[in-house]
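What follows is one structure encoded as structure tokens, with my remarks underneath.
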Amino acid sequence: MGTDLPLWAEIAVTVFLVVAGFFGIVGSYGLIKLPDPMTRLHAPTKATTLGVGGVLIASMVYFYATEGRFSAHELLITLFLLLTSPITAQFIAKVHLHLHETPETLPEPREAAGWASYTADGPARGVRLQDPLDAARRETGEMDKSS
């Protein structure tokens with residue numbers, strides 16, 4: 001089922017695929033070579049998202065040129081990626097922050113109000129507080145005797 005594309009479509013699809021491949025390679029290289037997790041986080045969220053976007057735009061141009069209709073699927077996938085990639089990066093960065101940093105090791109914020117992750121009134125939902133009595137019993141060995 002060989003479909004001949006018009007010259008303008010071949011050029012556009014080729015350019016978008018080459019640009020997408022370049023961004024994909026840059027994102028993958030950055031993921032491997034950057035020194036720590038926080039800088040490594042930028043490579044897949046920025047460059048690779050642009051790479052996938054280039055492939056999706058090339059697909060839109062191809063289907064417009066071959067079938068003569070606009071395909072909204074690729075546009076919706078692009079919108080989904082643009083909305084979810086920064087949120088995912090935020091979650092990964094926040095987990096890294098809580099696992100590897102303390103408020104004392106972080107730079108002072110401009111407003112001196114503290115880091116929002118560390119200045120909450122209480123624990124996050126779903127986090128169980130340790131009962132102080134259970135901790136005291138565990139230290140003295142009383143919990144082992146009663147069980």
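For the structure tokens, the naming scheme is as follows: chains receive sequential letters (A, B, ...) according to their order of presentation, residues are indexed from 1 within each chain, and ligands are indexed from 1 in presentation order.
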* To do: Please provide as number ranges by chain all residues within 8 Å of Val26 in chain A, with the sequence filter that same-chain residues fewer than 2 positions apart are discarded (counting only C-alpha atoms).
  => A: 22-24, 28-30, 43, 47-48
Keeping only C-alpha atoms, write those residues as a PDB file, in the first residue's frame.
```pdb
ATOM      1  CA  PHE A  22      17.814  14.886  17.977  1.00  0.00           C
ATOM      2  CA  PHE A  23      15.831  15.851  21.082  1.00  0.00           C
ATOM      3  CA  GLY A  24      15.385  12.192  21.993  1.00  0.00           C
ATOM      4  CA  SER A  28      18.754  10.229  26.703  1.00  0.00           C
ATOM      5  CA  TYR A  29      22.366  11.419  26.803  1.00  0.00           C
ATOM      6  CA  GLY A  30      21.526  13.915  29.552  1.00  0.00           C
ATOM      7  CA  ALA A  43      16.768  15.749  30.494  1.00  0.00           C
ATOM      8  CA  ALA A  47      14.150  17.257  25.725  1.00  0.00           C
ATOM      9  CA  THR A  48      12.375  13.950  25.382  1.00  0.00           C
TER      10      THR A  48
END
```
* as a PyMOL selection string, please: all residues of range 90-121 of chain A that backbone DSSP puts in helix (DSSP H, G or I). => chain A and resi 90-100
Any chance you can output those residues with N, CA and C atoms as an mmCIF file, in the first residue's frame?
```
data_model
loop_
_atom_site.group_PDB
_atom_site.id
_atom_site.type_symbol
_atom_site.label_atom_id
_atom_site.label_comp_id
_atom_site.auth_asym_id
_atom_site.auth_seq_id
_atom_site.Cartn_x
_atom_site.Cartn_y
_atom_site.Cartn_z
ATOM 1 N N GLN A 90 7.703 17.225 39.084
ATOM 2 C CA GLN A 90 7.493 17.825 40.410
ATOM 3 C C GLN A 90 7.429 16.750 41.487
ATOM 4 N N PHE A 91 6.706 15.672 41.224
ATOM 5 C CA PHE A 91 6.615 14.580 42.202
ATOM 6 C C PHE A 91 7.978 13.943 42.453
ATOM 7 N N ILE A 92 8.719 13.687 41.387
ATOM 8 C CA ILE A 92 10.037 13.068 41.536
ATOM 9 C C ILE A 92 10.972 13.990 42.317
ATOM 10 N N ALA A 93 10.948 15.285 42.015
ATOM 11 C CA ALA A 93 11.799 16.240 42.723
ATOM 12 C C ALA A 93 11.421 16.333 44.195
ATOM 13 N N LYS A 94 10.131 16.295 44.489
ATOM 14 C CA LYS A 94 9.698 16.391 45.880
ATOM 15 C C LYS A 94 10.110 15.157 46.683
ATOM 16 N N VAL A 95 9.995 13.991 46.078
ATOM 17 C CA VAL A 95 10.442 12.771 46.753
ATOM 18 C C VAL A 95 11.943 12.843 47.011
ATOM 19 N N HIS A 96 12.710 13.280 46.011
ATOM 20 C CA HIS A 96 14.159 13.418 46.192
ATOM 21 C C HIS A 96 14.462 14.403 47.317
ATOM 22 N N LEU A 97 13.743 15.496 47.356
ATOM 23 C CA LEU A 97 13.957 16.511 48.380
ATOM 24 C C LEU A 97 13.734 15.932 49.770
ATOM 25 N N HIS A 98 12.660 15.171 49.949
ATOM 26 C CA HIS A 98 12.345 14.627 51.272
ATOM 27 C C HIS A 98 13.245 13.461 51.668
ATOM 28 N N LEU A 99 13.765 12.730 50.693
ATOM 29 C CA LEU A 99 14.628 11.599 51.023
ATOM 30 C C LEU A 99 16.080 11.988 51.234
ATOM 31 N N HIS A 100 16.536 13.062 50.581
ATOM 32 C CA HIS A 100 17.958 13.366 50.589
ATOM 33 C C HIS A 100 18.326 14.719 51.190
#
```
* **Selected residue of minimal separation from Phe16 in chain A among A:Ala113, A:Val52, A:Ile87, A:Ala72, counting only C-alpha atoms** => A:Val52
Within 10 Å of Gly54 in chain A, counting only C-alpha atoms, which residues qualify if same-chain residues fewer than 3 places away don't, as an mmCIF file with C-alpha atoms, in the first residue's frame?
```cif
data_model
loop_
_atom_site.group_PDB
_atom_site.id
_atom_site.type_symbol
_atom_site.label_atom_id
_atom_site.label_comp_id
_atom_site.auth_asym_id
_atom_site.auth_seq_id
_atom_site.Cartn_x
_atom_site.Cartn_y
_atom_site.Cartn_z
ATOM 1 C CA VAL A 13 7.664 14.883 8.057
ATOM 2 C CA VAL A 15 12.301 17.595 9.371
ATOM 3 C CA PHE A 16 9.997 16.873 12.313
ATOM 4 C CA LEU A 17 11.316 13.309 12.660
ATOM 5 C CA VAL A 18 14.960 14.425 12.521
ATOM 6 C CA VAL A 19 14.341 17.168 15.103
ATOM 7 C CA ALA A 20 12.445 14.678 17.283
ATOM 8 C CA GLY A 21 15.305 12.194 17.025
ATOM 9 C CA PHE A 22 17.814 14.886 17.977
ATOM 10 C CA PHE A 23 15.831 15.851 21.082
ATOM 11 C CA GLY A 24 15.385 12.192 21.993
ATOM 12 C CA THR A 48 12.375 13.950 25.382
ATOM 13 C CA THR A 49 8.958 15.617 25.617
ATOM 14 C CA LEU A 50 9.973 17.804 22.681
ATOM 15 C CA GLY A 51 11.152 14.686 20.848
ATOM 16 C CA ILE A 57 3.520 16.563 14.664
ATOM 17 C CA ALA A 58 5.142 14.495 11.896
ATOM 18 C CA SER A 59 2.302 12.000 12.254
ATOM 19 C CA MET A 60 -0.287 14.785 12.001
ATOM 20 C CA THR A 78 0.698 16.119 22.915
#
```
* Asked: Using only C-alpha atoms, which of the listed residues (A:Thr45, A:Trp8, A:Gly68, A:Leu31) sits closest to Leu83 in chain A?
  -> A:Thr45
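Note that the spacing between CA of Met38 in chain A and CA of Thr88 in chain A amounts to 13.0 Å.
Residue nearest Thr84 in chain A, chosen from A:Lys46, A:Leu106, A:Tyr62, A:Lys33 and counting only C-alpha atoms: A:Lys46.
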